file my_file.tsv (TSV, C-alpha atoms)
chain	number	residue	atom	x	y	z
A	1352	MET	CA	51.01	31.04	-9.92
A	1353	PRO	CA	52.45	28.51	-7.50
A	1354	TYR	CA	50.79	27.68	-4.19
A	1355	PRO	CA	51.56	28.53	-1.42
A	1356	TYR	CA	51.52	32.23	-2.23
A	1357	THR	CA	54.35	34.59	-1.39
A	1358	GLU	CA	54.82	38.34	-1.36
A	1359	GLU	CA	56.80	38.04	-4.59
A	1360	SER	CA	54.14	35.96	-6.35
A	1361	LEU	CA	51.47	38.52	-5.45
A	1362	LYS	CA	53.71	41.36	-6.56
A	1363	ALA	CA	53.97	39.72	-9.98
A	1364	LEU	CA	50.20	40.13	-10.38
A	1365	ARG	CA	50.31	43.85	-9.72
A	1366	ASN	CA	51.18	44.89	-13.27
A	1367	GLN	CA	48.66	42.66	-15.03
A	1368	GLY	CA	45.24	43.80	-16.18
A	1369	ASP	CA	42.85	42.20	-18.69
A	1370	GLU	CA	44.41	42.04	-22.15
A	1371	LEU	CA	41.21	41.51	-24.15
A	1372	ALA	CA	39.08	44.15	-22.42
A	1373	ASP	CA	41.96	46.63	-22.26
A	1374	ALA	CA	42.56	46.34	-26.01
A	1375	THR	CA	38.83	46.74	-26.71
A	1376	VAL	CA	38.50	49.88	-24.59
A	1377	ALA	CA	41.68	51.42	-26.04
A	1378	ALA	CA	40.34	50.91	-29.56
A	1379	LEU	CA	36.95	52.44	-28.67
A	1380	PHE	CA	38.54	55.55	-27.20
A	1381	GLU	CA	41.02	55.89	-30.05
A	1382	SER	CA	38.21	55.76	-32.63
A	1383	GLY	CA	35.88	58.01	-30.62
A	1384	ASP	CA	33.19	55.31	-30.49
A	1385	VAL	CA	32.63	55.17	-26.72
A	1386	GLY	CA	29.48	57.28	-26.81
A	1387	THR	CA	27.98	55.23	-29.63
A	1388	PHE	CA	28.91	52.04	-27.84
A	1389	ASN	CA	27.26	53.12	-24.57
A	1390	THR	CA	24.08	54.17	-26.35
A	1391	LEU	CA	23.76	50.92	-28.27
A	1392	MET	CA	24.69	48.78	-25.26
A	1393	ARG	CA	21.63	50.01	-23.38
A	1394	TYR	CA	19.69	47.80	-25.76
A	1395	VAL	CA	21.85	44.76	-25.00
A	1396	SER	CA	20.53	43.66	-21.62
A	1397	THR	CA	19.72	39.97	-22.11
A	1398	ALA	CA	21.88	37.05	-23.22
A	1399	GLY	CA	21.29	35.81	-26.77
A	1400	SER	CA	19.74	39.05	-28.00
A	1401	PRO	CA	20.83	40.20	-31.48
A	1402	LEU	CA	23.57	42.81	-31.26
A	1403	PRO	CA	22.37	46.24	-32.45
A	1404	GLU	CA	23.27	47.64	-35.84
A	1405	GLY	CA	25.97	50.28	-35.73
A	1406	LEU	CA	27.96	48.62	-32.96
A	1407	PRO	CA	31.71	49.24	-33.51
A	1408	ASP	CA	33.44	46.16	-34.92
A	1409	VAL	CA	35.88	45.87	-32.03
A	1410	ALA	CA	32.99	45.92	-29.55
A	1411	ARG	CA	31.02	43.36	-31.53
A	1412	GLU	CA	34.03	41.04	-31.58
A	1413	TYR	CA	34.51	41.44	-27.82
A	1414	LEU	CA	30.83	40.71	-27.08
A	1415	GLU	CA	30.83	37.63	-29.29
A	1416	THR	CA	34.07	36.33	-27.76
A	1417	THR	CA	32.85	36.74	-24.16
A	1418	ALA	CA	29.24	35.61	-24.64
A	1419	ALA	CA	29.74	32.06	-23.34
A	1420	PRO	CA	30.75	30.88	-19.85
A	1421	PRO	CA	34.03	28.98	-19.42
A	1422	ALA	CA	34.00	25.45	-20.85
A	1423	TRP	CA	35.10	24.04	-17.49
A	1424	VAL	CA	31.99	25.13	-15.56
A	1425	ASP	CA	30.45	22.37	-13.41
A	1426	TRP	CA	26.73	23.11	-13.60
A	1427	GLY	CA	26.00	20.81	-10.67
A	1428	GLU	CA	28.22	22.99	-8.48
A	1429	MET	CA	26.53	26.12	-9.80
A	1430	GLU	CA	23.12	24.73	-8.84
A	1431	LYS	CA	24.42	23.94	-5.34
A	1432	ALA	CA	25.64	27.54	-5.11
A	1433	ARG	CA	22.23	28.85	-6.19
A	1434	LEU	CA	20.43	26.79	-3.55
A	1435	PHE	CA	22.96	27.95	-0.95
A	1436	PHE	CA	22.18	31.54	-1.92
A	1437	ILE	CA	18.41	30.97	-1.65
A	1438	ASP	CA	18.83	29.53	1.85
A	1439	ASN	CA	21.05	32.39	2.99
A	1440	ASN	CA	20.15	35.35	0.78
A	1441	VAL	CA	19.51	37.83	3.61
A	1442	HIS	CA	22.72	36.84	5.40
A	1443	ILE	CA	24.70	37.02	2.15
A	1444	SER	CA	23.25	40.46	1.36
A	1445	THR	CA	24.20	41.59	4.85
A	1446	ALA	CA	27.74	40.27	4.40
A	1447	LEU	CA	28.14	41.92	1.00
A	1448	SER	CA	26.95	45.28	2.33
A	1449	PHE	CA	28.62	45.39	5.73
A	1450	ALA	CA	31.74	43.24	5.23
A	1451	SER	CA	32.71	42.92	1.57
A	1452	MET	CA	32.36	46.59	0.64
A	1453	PRO	CA	34.09	47.91	3.80
A	1454	ALA	CA	36.89	45.39	3.20
A	1455	CYS	CA	37.43	47.02	-0.20
A	1456	TYR	CA	37.59	50.42	1.49
A	1457	VAL	CA	40.28	49.28	3.92
A	1458	VAL	CA	42.72	48.63	1.08
A	1459	PRO	CA	44.02	52.21	0.56
A	1460	ARG	CA	44.80	51.94	-3.16
A	1461	VAL	CA	41.37	50.40	-3.82
A	1462	ALA	CA	39.71	53.15	-1.77
A	1463	ARG	CA	41.62	55.79	-3.77
A	1464	LEU	CA	40.51	54.15	-7.01
A	1465	LEU	CA	36.85	54.01	-5.93
A	1466	SER	CA	37.04	57.65	-4.86
A	1467	ALA	CA	38.45	58.56	-8.26
A	1468	THR	CA	35.84	56.71	-10.30
A	1469	HIS	CA	32.59	56.87	-8.30
A	1470	SER	CA	30.95	59.98	-6.95
A	1471	LEU	CA	31.08	59.87	-3.16
A	1472	ALA	CA	27.68	61.57	-3.11
A	1473	TYR	CA	26.01	58.49	-4.60
A	1474	PRO	CA	27.32	55.32	-2.88
A	1475	SER	CA	23.96	53.66	-3.49
A	1476	LYS	CA	24.85	53.33	-7.18
A	1477	ARG	CA	27.78	51.01	-6.50
A	1478	MET	CA	25.85	48.96	-3.94
A	1479	ALA	CA	22.88	48.75	-6.30
A	1480	GLU	CA	25.11	47.56	-9.12
A	1481	THR	CA	26.71	44.95	-6.87
A	1482	GLY	CA	23.40	43.71	-5.49
A	1483	GLN	CA	21.81	43.54	-8.91
A	1484	PHE	CA	24.84	41.67	-10.28
A	1485	VAL	CA	24.61	39.00	-7.55
A	1486	VAL	CA	20.86	38.59	-8.05
A	1487	TYR	CA	21.42	38.06	-11.78
A	1488	LEU	CA	24.15	35.49	-11.05
A	1489	MET	CA	22.00	33.43	-8.69
A	1490	ARG	CA	18.98	33.08	-10.95
A	1491	PRO	CA	18.42	29.54	-12.32
A	1492	ASP	CA	18.77	30.77	-15.91
A	1493	ALA	CA	21.82	33.00	-15.28
A	1494	PHE	CA	23.73	31.68	-18.30
A	1495	GLU	CA	20.82	30.93	-20.61
A	1496	ALA	CA	19.29	32.99	-23.41
A	1497	GLY	CA	17.20	35.82	-22.03
A	1498	SER	CA	19.12	36.17	-18.78
A	1499	ARG	CA	20.79	39.40	-17.65
A	1500	PHE	CA	23.93	38.08	-15.97
A	1501	VAL	CA	26.19	37.56	-19.01
A	1502	PRO	CA	25.64	41.07	-20.49
A	1503	ALA	CA	26.15	42.56	-17.02
A	1504	ALA	CA	29.46	40.69	-16.64
A	1505	GLN	CA	30.59	41.80	-20.11
A	1506	LYS	CA	29.86	45.44	-19.26
A	1507	VAL	CA	31.51	45.32	-15.82
A	1508	ARG	CA	34.63	43.87	-17.44
A	1509	LEU	CA	34.77	46.77	-19.89
A	1510	LEU	CA	34.05	49.23	-17.07
A	1511	HIS	CA	37.14	47.97	-15.23
A	1512	ALA	CA	39.21	48.29	-18.40
A	1513	SER	CA	37.98	51.84	-18.98
A	1514	ILE	CA	39.08	52.84	-15.47
A	1515	ARG	CA	42.54	51.43	-16.15
A	1516	HIS	CA	42.62	53.28	-19.47
A	1517	HIS	CA	41.69	56.66	-17.94
A	1518	LEU	CA	44.00	56.55	-14.95
A	1519	LEU	CA	47.00	55.35	-16.95
A	1520	ARG	CA	46.48	57.67	-19.93
A	1521	GLU	CA	46.03	60.75	-17.77
A	1522	GLY	CA	48.87	59.93	-15.37
A	1523	ARG	CA	46.55	59.75	-12.38
A	1524	TRP	CA	47.95	56.55	-10.93
A	1525	ASP	CA	51.26	55.72	-9.27
A	1526	THR	CA	52.15	52.57	-11.18
A	1527	VAL	CA	55.52	52.24	-9.43
A	1528	ALA	CA	53.89	51.95	-6.01
A	1529	ASP	CA	50.57	50.34	-6.91
A	1530	GLY	CA	50.94	48.60	-10.28
A	1531	VAL	CA	48.15	49.07	-12.81
A	1532	PRO	CA	44.71	50.20	-11.63
A	1533	ILE	CA	42.39	47.25	-10.91
A	1534	CYS	CA	45.37	44.95	-11.28
A	1535	LEU	CA	45.09	41.18	-11.26
A	1536	GLU	CA	46.13	41.06	-7.62
A	1537	ASP	CA	43.27	43.39	-6.62
A	1538	MET	CA	40.77	41.60	-8.85
A	1539	ILE	CA	41.58	38.33	-7.08
A	1540	GLY	CA	41.50	40.14	-3.74
A	1541	GLY	CA	38.06	41.48	-4.59
A	1542	GLN	CA	36.95	37.98	-5.57
A	1543	MET	CA	38.06	36.82	-2.09
A	1544	PHE	CA	36.09	39.63	-0.43
A	1545	PHE	CA	32.90	38.73	-2.30
A	1546	SER	CA	33.22	34.99	-1.75
A	1547	MET	CA	35.38	33.79	1.13
A	1548	LEU	CA	34.81	36.88	3.28
A	1549	VAL	CA	31.07	36.42	2.82
A	1550	LEU	CA	31.41	32.86	4.12
A	1551	ASP	CA	33.51	34.11	7.04
A	1552	SER	CA	30.82	36.69	7.80
A	1553	LEU	CA	28.07	34.06	7.77
A	1554	HIS	CA	30.15	32.10	10.26
A	1555	ARG	CA	30.54	35.19	12.45
A	1556	LEU	CA	26.78	35.79	12.26
A	1557	GLY	CA	26.23	32.26	13.54
A	1558	VAL	CA	24.83	30.86	10.30
A	1559	HIS	CA	25.36	27.10	10.06
A	1560	MET	CA	26.43	25.87	6.65
A	1561	SER	CA	27.86	22.73	5.18
A	1562	ASN	CA	31.33	22.48	3.71
A	1563	GLU	CA	29.64	21.44	0.47
A	1564	GLY	CA	27.55	24.62	0.35
A	1565	ALA	CA	30.52	26.83	1.18
A	1566	ASP	CA	32.66	25.16	-1.50
A	1567	ALA	CA	29.91	25.63	-4.10
A	1568	TYR	CA	29.47	29.32	-3.27
A	1569	TYR	CA	33.20	29.90	-3.61
A	1570	TYR	CA	33.18	27.96	-6.89
A	1571	ALA	CA	30.44	30.22	-8.28
A	1572	TRP	CA	32.66	33.24	-7.68
A	1573	ARG	CA	35.51	31.53	-9.50
A	1574	VAL	CA	33.17	31.38	-12.48
A	1575	VAL	CA	32.33	35.06	-11.96
A	1576	GLY	CA	36.03	35.89	-11.92
A	1577	ALA	CA	36.54	34.08	-15.21
A	1578	MET	CA	33.65	36.02	-16.76
A	1579	LEU	CA	35.23	39.26	-15.54
A	1580	GLY	CA	38.57	38.50	-17.19
A	1581	VAL	CA	40.47	37.28	-14.12
A	1582	ASP	CA	43.28	34.94	-15.15
A	1583	GLN	CA	42.22	31.62	-13.62
A	1584	GLU	CA	45.77	30.32	-13.52
A	1585	ALA	CA	46.41	32.80	-10.70
A	1586	VAL	CA	43.16	32.24	-8.78
A	1587	PRO	CA	43.04	30.00	-5.68
A	1588	LYS	CA	41.19	26.80	-6.58
A	1589	THR	CA	40.03	25.82	-3.09
A	1590	LEU	CA	38.93	27.58	0.08
A	1591	GLU	CA	42.16	26.48	1.74
A	1592	GLU	CA	44.22	28.18	-0.98
A	1593	ALA	CA	41.87	31.16	-0.89
A	1594	ARG	CA	42.47	31.57	2.83
A	1595	GLN	CA	46.24	31.64	2.31
A	1596	PHE	CA	45.97	34.18	-0.54
A	1597	SER	CA	43.53	36.37	1.37
A	1598	ASP	CA	45.52	36.41	4.60
A	1599	LEU	CA	48.67	37.44	2.74
A	1600	TYR	CA	46.83	40.04	0.63
A	1601	MET	CA	45.25	41.63	3.70
A	1602	THR	CA	48.50	41.63	5.66
A	1603	LEU	CA	50.31	43.34	2.78
A	1604	HIS	CA	47.73	45.95	1.84
A	1605	MET	CA	45.07	46.68	4.44
A	1606	GLY	CA	45.38	49.94	6.37
A	1607	PRO	CA	43.82	53.36	7.02
A	1608	SER	CA	43.16	56.05	4.42
A	1609	ASP	CA	41.14	59.24	4.19
A	1610	GLU	CA	39.31	57.83	1.17
A	1611	GLY	CA	38.39	54.67	3.07
A	1612	VAL	CA	36.92	56.72	5.92
A	1613	ASN	CA	34.90	58.86	3.48
A	1614	LEU	CA	33.58	55.86	1.55
A	1615	THR	CA	32.58	54.08	4.76
A	1616	ARG	CA	30.82	57.14	6.12
A	1617	GLN	CA	28.80	57.42	2.91
A	1618	LEU	CA	27.96	53.70	3.03
A	1619	VAL	CA	26.78	53.89	6.64
A	1620	GLU	CA	24.72	57.03	6.03
A	1621	MET	CA	23.13	55.45	2.97
A	1622	TYR	CA	21.90	52.43	4.95
A	1623	GLU	CA	20.77	54.62	7.82
A	1624	GLU	CA	18.45	56.29	5.31
A	1625	VAL	CA	17.17	52.89	4.13
A	1626	VAL	CA	16.31	51.80	7.70
A	1627	PRO	CA	13.02	53.49	8.77
A	1628	GLY	CA	13.36	56.00	11.61
A	1629	THR	CA	16.53	56.77	13.54
A	1630	LEU	CA	16.37	54.42	16.54
A	1631	PHE	CA	18.20	51.62	14.74
A	1632	ASP	CA	20.69	53.80	12.84
A	1633	PRO	CA	23.66	52.83	15.04
A	1634	ILE	CA	23.16	49.16	14.21
A	1635	VAL	CA	24.57	49.80	10.71
A	1636	GLY	CA	27.99	50.80	12.02
A	1637	ALA	CA	27.80	48.10	14.69
A	1638	LEU	CA	27.31	45.45	12.00
A	1639	VAL	CA	30.30	46.74	10.09
A	1640	ARG	CA	32.44	46.54	13.24
A	1641	HIS	CA	31.13	43.07	14.08
A	1642	LEU	CA	31.92	41.69	10.63
A	1643	VAL	CA	35.26	43.35	9.81
A	1644	GLY	CA	36.61	43.62	13.35
A	1645	ASP	CA	37.54	46.54	15.55
A	1646	THR	CA	40.93	47.18	13.93
A	1647	CYS	CA	39.39	47.69	10.50
A	1648	GLY	CA	36.44	49.50	12.07
A	1649	ASP	CA	38.86	52.01	13.61
A	1650	TRP	CA	40.74	52.44	10.33
A	1651	LEU	CA	37.43	53.14	8.58
A	1652	GLY	CA	36.31	55.65	11.21
A	1653	VAL	CA	33.25	53.63	12.27
A	1654	PRO	CA	32.11	55.09	15.62
A	1655	ARG	CA	31.79	52.86	18.66
A	1656	THR	CA	28.28	52.70	20.19
A	1657	PRO	CA	26.38	50.57	22.74
A	1658	TRP	CA	25.00	48.66	19.74
A	1659	ASP	CA	28.45	47.11	19.28
A	1660	THR	CA	27.57	44.80	22.19
A	1661	ALA	CA	23.92	44.34	21.29
A	1662	VAL	CA	24.68	43.24	17.72
A	1663	LYS	CA	26.59	40.25	19.08
A	1664	ALA	CA	23.20	38.73	19.94
A	1665	VAL	CA	22.46	38.32	16.23
A	1666	PRO	CA	23.91	34.77	16.09
A	1667	HIS	CA	21.54	33.70	18.89
A	1668	LEU	CA	18.54	35.10	17.03
A	1669	LEU	CA	19.61	33.39	13.82
A	1670	GLY	CA	20.02	30.15	15.79
A	1671	VAL	CA	16.37	30.33	16.83
A	1672	LEU	CA	15.29	30.92	13.23
A	1673	GLU	CA	17.42	28.02	12.01
A	1674	THR	CA	15.76	25.76	14.59
A	1675	VAL	CA	12.35	26.74	13.22
A	1676	GLU	CA	13.61	26.11	9.69
A	1677	ASP	CA	15.00	22.67	10.57
A	1678	ARG	CA	11.88	21.48	12.35
A	1679	SER	CA	9.22	22.68	9.94
A	1680	PRO	CA	9.18	22.48	6.11
A	1681	TYR	CA	6.56	25.24	6.15
A	1682	GLY	CA	8.79	27.32	8.42
A	1683	ALA	CA	11.71	26.81	6.02
A	1684	TRP	CA	9.54	27.89	3.09
A	1685	ALA	CA	8.25	30.94	4.97
A	1686	LEU	CA	11.74	32.04	6.02
A	1687	ASP	CA	13.07	31.63	2.47
A	1688	LYS	CA	10.20	33.76	1.18
A	1689	LEU	CA	10.78	36.36	3.88
A	1690	GLY	CA	14.47	36.43	3.05
A	1691	ASP	CA	13.69	36.94	-0.62
A	1692	LEU	CA	11.29	39.80	0.17
A	1693	VAL	CA	13.86	41.51	2.40
A	1694	SER	CA	16.54	41.20	-0.29
A	1695	VAL	CA	14.17	42.54	-2.94
A	1696	PHE	CA	13.23	45.44	-0.67
A	1697	GLU	CA	16.87	46.31	-0.06
A	1698	LEU	CA	17.73	46.17	-3.76
A	1699	SER	CA	14.63	48.21	-4.66
A	1700	ALA	CA	15.59	50.85	-2.11
A	1701	LEU	CA	19.07	51.12	-3.61
A	1702	THR	CA	18.04	51.07	-7.27
A	1703	ARG	CA	14.79	53.01	-6.73
A	1704	GLY	CA	13.14	50.61	-9.12
A	1705	ARG	CA	15.59	51.19	-11.96
A	1706	VAL	CA	17.74	48.71	-13.88
A	1707	MET	CA	21.37	49.68	-13.33
A	1708	HIS	CA	23.45	50.14	-16.51
A	1709	TYR	CA	27.17	49.44	-16.49
A	1710	ALA	CA	28.40	52.01	-19.01
A	1711	ILE	CA	31.98	52.98	-19.86
A	1712	PRO	CA	32.58	56.45	-18.36
A	1713	GLU	CA	33.82	58.87	-21.02
A	1714	GLN	CA	35.68	60.79	-18.33
A	1715	LEU	CA	36.30	60.19	-14.65
A	1716	LYS	CA	33.79	61.72	-12.28
A	1717	LYS	CA	36.35	62.87	-9.72
A	1718	GLU	CA	39.66	64.63	-10.00
A	1719	PHE	CA	42.36	62.40	-8.58
A	1720	GLY	CA	45.92	62.86	-7.39
A	1721	VAL	CA	48.29	60.04	-6.49
A	1722	SER	CA	49.70	61.95	-3.53
A	1723	GLY	CA	47.80	63.52	-0.72
A	1724	GLY	CA	47.82	62.76	2.91
A	1725	VAL	CA	47.25	59.01	3.08
A	1726	PRO	CA	48.53	57.79	6.47
A	1727	PRO	CA	51.25	55.12	6.46
A	1728	ARG	CA	50.00	51.56	6.05
A	1729	LYS	CA	49.82	49.39	9.14
A	1730	ARG	CA	50.11	45.62	9.19
A	1731	TRP	CA	47.26	43.41	10.32
A	1732	SER	CA	47.24	39.62	10.61
A	1733	PRO	CA	43.60	38.42	10.69
A	1734	PRO	CA	42.67	35.63	13.10
A	1735	PRO	CA	41.88	32.25	11.51
A	1736	VAL	CA	38.21	31.66	10.78
A	1737	THR	CA	36.80	28.18	10.30
A	1738	VAL	CA	34.17	27.75	7.60
A	1739	GLY	CA	31.83	24.87	8.27

call {"tool": "encode", "arguments": {"input": "my_file.tsv", "output": "structure tokens"}}
result
Amino acid sequence: MPYPYTEESLKALRNQGDELADATVAALFESGDVGTFNTLMRYVSTAGSPLPEGLPDVAREYLETTAAPPAWVDWGEMEKARLFFIDNNVHISTALSFASMPACYVVPRVARLLSATHSLAYPSKRMAETGQFVVYLMRPDAFEAGSRFVPAAQKVRLLHASIRHHLLREGRWDTVADGVPICLEDMIGGQMFFSMLVLDSLHRLGVHMSNEGADAYYYAWRVVGAMLGVDQEAVPKTLEEARQFSDLYMTLHMGPSDEGVNLTRQLVEMYEEVVPGTLFDPIVGALVRHLVGDTCGDWLGVPRTPWDTAVKAVPHLLGVLETVEDRSPYGAWALDKLGDLVSVFELSALTRGRVMHYAIPEQLKKEFGVSGGVPPRKRWSPPPVTVG
């Protein structure tokens, strides 16, 4: 897809899915092998493990085809990304929870899709799956035998294809207005939310980072996109291109929806339960507002509180911690360890100590209609944010 991006070039991505995964899922449903596949896949949790006996042939072929990372991966860049994650893991976790996920909810068709495919009563499942996925990605052996990232990516890719299959087969999606479910445009948009928006959020939190570290983190998510079946010919190659794609995508699609409000409310309530006591509950919504902005905060129904002002002091606090880190190797080590413990605590609270399984749903969990009271979309042009 040519750069710079245009409304027409993005529209062309709206009817594209993932040919390999879509064909695999269609074959599994047609043959009635989805249940068998899900059962056997519970035993495939680490890269390089022998595939179980009884696995349907089409599934075995898919798993063998997608078992290796792209040939173009620069492992030096991936190591830079891993070190960047270690240095900023708490901040990145904060950005994923309070910026990336709400950004998904403020795209009405994405919010409708999430409402159709994930029970609103259990938002922790999606956050746990996302957190676990990122942890797997940023381990030093993420792509080696015995790691959990590659099987997780293979399953998430099939999960996306199964959602497309269900919604299209059962006529639960307005393809004229929205293209195919989890279309290539939205997959790239999601990749921007989990990479570039995270970097923007770190900047807003006052976290200092090098251009080299930011570039490496974005590069790692390009690799993730490739593993999830995103056509790399259409993906922005640099942060500059990513900014242009993201600004256009948000301007075209972001707006209010009932589903977005419901998803955000569940997300906020979930984290209020994670935070001990009730005194600091309002800080959850305040963080969302601080990271996505007041316009999106209003669209998502995030209440305004006095904490909206108090949370703006976070960059100053982080500045003090960064000073300690810069001046003392022991302080840097201690803060990295503390950050790791906080991230582990958050993930443990969400997963409740379980390993999350990315199974193909045999039927959607929620009834879904393509019409139904979604307010008209409004246009929003985000202010420029400098990463560096």

call {"tool": "residues_around", "arguments": {"input": "my_file.tsv", "residues": "A:Gln1505", "least_positions_apart": "6", "cutoff": "9 Å", "atoms": "only C-alpha atoms", "output": "MDAnalysis selection string"}}
result
chainID A and resid 1413:1414 1417:1418 1578:1579

call {"tool": "closest_residue", "arguments": {"input": "my_file.tsv", "among": "A:Val1457, A:Ala1493, A:Leu1379, A:Leu1518", "to": "A:Gly1399", "atoms": "all atoms listed in the file"}}
result
A:Ala1493

call {"tool": "closest_residue", "arguments": {"input": "my_file.tsv", "among": "A:Ala1585, A:Val1575, A:Ala1432, A:Val1549", "to": "A:Ala1450", "atoms": "all atoms listed in the file"}}
result
A:Val1549

call {"tool": "residues_around", "arguments": {"input": "my_file.tsv", "residues": "A:Ala1377", "least_positions_apart": "4", "cutoff": "7 Å", "atoms": "all atoms listed in the file", "output": "PyMOL selection string"}}
result
chain A and resi 1373+1381+1516

call {"tool": "atom_distance", "arguments": {"input": "my_file.tsv", "atom1": "atom CA of A:Val1395", "atom2": "atom CA of A:Arg1490"}}
result
18.5 Å

call {"tool": "closest_residue", "arguments": {"input": "my_file.tsv", "among": "A:Val1527, A:Leu1638, A:Ile1443, A:Ala1410", "to": "A:Ser1546", "atoms": "only C-alpha atoms"}}
result
A:Ile1443

call {"tool": "atom_distance", "arguments": {"input": "my_file.tsv", "atom1": "atom CA of A:Leu1364", "atom2": "atom CA of A:Cys1534"}}
result
6.9 Å

call {"tool": "residues_around", "arguments": {"input": "my_file.tsv", "residues": "stretch 1389-1393 of chain A", "least_positions_apart": "4", "cutoff": "7 Å", "atoms": "all atoms listed in the file", "output": "list in words"}}
result
Val1385, Pro1403, Leu1406, Ala1710 and Ile1711 of chain A

call {"tool": "residues_around", "arguments": {"input": "my_file.tsv", "residues": "A:Val1531", "least_positions_apart": "2", "cutoff": "10 Å", "atoms": "all atoms listed in the file", "output": "list of chain:residue names"}}
result
A:Leu1364, A:Arg1365, A:Asn1366, A:Gln1367, A:Gly1368, A:Arg1515, A:His1516, A:Leu1518, A:Leu1519, A:Trp1524, A:Asp1525, A:Thr1526, A:Val1527, A:Ala1528, A:Asp1529, A:Ile1533, A:Cys1534, A:Leu1535, A:Glu1536, A:Asp1537

call {"tool": "atom_distance", "arguments": {"input": "my_file.tsv", "atom1": "atom CA of A:Gly1557", "atom2": "atom CA of A:Leu1488"}}
result
24.9 Å

call {"tool": "residues_around", "arguments": {"input": "my_file.tsv", "residues": "A:Phe1380", "least_positions_apart": "2", "cutoff": "12 Å", "atoms": "all atoms listed in the file", "output": "CSV table (one decimal) with C-alpha atoms, in the frame of the given file"}}
result
chain,number,residue,atom,x,y,z
A,1373,ASP,CA,42.0,46.6,-22.3
A,1374,ALA,CA,42.6,46.3,-26.0
A,1375,THR,CA,38.8,46.7,-26.7
A,1376,VAL,CA,38.5,49.9,-24.6
A,1377,ALA,CA,41.7,51.4,-26.0
A,1378,ALA,CA,40.3,50.9,-29.6
A,1382,SER,CA,38.2,55.8,-32.6
A,1383,GLY,CA,35.9,58.0,-30.6
A,1384,ASP,CA,33.2,55.3,-30.5
A,1385,VAL,CA,32.6,55.2,-26.7
A,1386,GLY,CA,29.5,57.3,-26.8
A,1387,THR,CA,28.0,55.2,-29.6
A,1388,PHE,CA,28.9,52.0,-27.8
A,1389,ASN,CA,27.3,53.1,-24.6
A,1407,PRO,CA,31.7,49.2,-33.5
A,1409,VAL,CA,35.9,45.9,-32.0
A,1410,ALA,CA,33.0,45.9,-29.6
A,1512,ALA,CA,39.2,48.3,-18.4
A,1513,SER,CA,38.0,51.8,-19.0
A,1516,HIS,CA,42.6,53.3,-19.5
A,1517,HIS,CA,41.7,56.7,-17.9
A,1520,ARG,CA,46.5,57.7,-19.9
A,1711,ILE,CA,32.0,53.0,-19.9
A,1712,PRO,CA,32.6,56.4,-18.4
A,1713,GLU,CA,33.8,58.9,-21.0
A,1714,GLN,CA,35.7,60.8,-18.3

call {"tool": "closest_residue", "arguments": {"input": "my_file.tsv", "among": "A:Leu1402, A:Leu1642, A:Ala1372, A:Ser1608", "to": "A:Ser1451", "atoms": "all atoms listed in the file"}}
result
A:Leu1642

call {"tool": "closest_residue", "arguments": {"input": "my_file.tsv", "among": "A:Asn1439, A:Arg1555, A:Phe1484, A:Asp1408", "to": "A:Pro1502", "atoms": "only C-alpha atoms"}}
result
A:Phe1484

call {"tool": "closest_residue", "arguments": {"input": "my_file.tsv", "among": "A:Thr1615, A:Thr1481, A:Thr1468, A:Gln1595", "to": "A:Phe1449", "atoms": "all atoms listed in the file"}}
result
A:Thr1615

call {"tool": "build_atoms", "arguments": {"input": "my_file.tsv", "residues": "stretch 1583-1590 of chain A", "atoms": "N, CA, C and O atoms", "output": "PDB file, keeping the file's coordinate frame"}}
result
ATOM      1  N   GLN A1583      42.502  32.712 -14.548  1.00  0.00           N
ATOM      2  CA  GLN A1583      42.220  31.620 -13.620  1.00  0.00           C
ATOM      3  C   GLN A1583      43.457  30.839 -13.197  1.00  0.00           C
ATOM      4  O   GLN A1583      43.424  30.100 -12.213  1.00  0.00           O
ATOM      5  N   GLU A1584      44.537  30.984 -13.928  1.00  0.00           N
ATOM      6  CA  GLU A1584      45.770  30.320 -13.520  1.00  0.00           C
ATOM      7  C   GLU A1584      46.307  30.899 -12.215  1.00  0.00           C
ATOM      8  O   GLU A1584      47.053  30.240 -11.491  1.00  0.00           O
ATOM      9  N   ALA A1585      45.922  32.132 -11.909  1.00  0.00           N
ATOM     10  CA  ALA A1585      46.410  32.800 -10.700  1.00  0.00           C
ATOM     11  C   ALA A1585      45.422  32.730  -9.542  1.00  0.00           C
ATOM     12  O   ALA A1585      45.750  33.139  -8.428  1.00  0.00           O
ATOM     13  N   VAL A1586      44.225  32.216  -9.785  1.00  0.00           N
ATOM     14  CA  VAL A1586      43.160  32.240  -8.780  1.00  0.00           C
ATOM     15  C   VAL A1586      43.225  30.998  -7.891  1.00  0.00           C
ATOM     16  O   VAL A1586      43.376  29.883  -8.397  1.00  0.00           O
ATOM     17  N   PRO A1587      43.099  31.158  -6.573  1.00  0.00           N
ATOM     18  CA  PRO A1587      43.040  30.000  -5.680  1.00  0.00           C
ATOM     19  C   PRO A1587      41.908  29.061  -6.085  1.00  0.00           C
ATOM     20  O   PRO A1587      40.790  29.509  -6.350  1.00  0.00           O
ATOM     21  N   LYS A1588      42.180  27.770  -6.120  1.00  0.00           N
ATOM     22  CA  LYS A1588      41.190  26.800  -6.580  1.00  0.00           C
ATOM     23  C   LYS A1588      40.295  26.289  -5.459  1.00  0.00           C
ATOM     24  O   LYS A1588      39.186  25.822  -5.711  1.00  0.00           O
ATOM     25  N   THR A1589      40.779  26.337  -4.228  1.00  0.00           N
ATOM     26  CA  THR A1589      40.030  25.820  -3.090  1.00  0.00           C
ATOM     27  C   THR A1589      39.940  26.878  -2.012  1.00  0.00           C
ATOM     28  O   THR A1589      40.679  27.867  -2.008  1.00  0.00           O
ATOM     29  N   LEU A1590      39.047  26.649  -1.039  1.00  0.00           N
ATOM     30  CA  LEU A1590      38.930  27.580   0.080  1.00  0.00           C
ATOM     31  C   LEU A1590      40.209  27.610   0.914  1.00  0.00           C
ATOM     32  O   LEU A1590      40.572  28.655   1.471  1.00  0.00           O
TER      33      LEU A1590
END
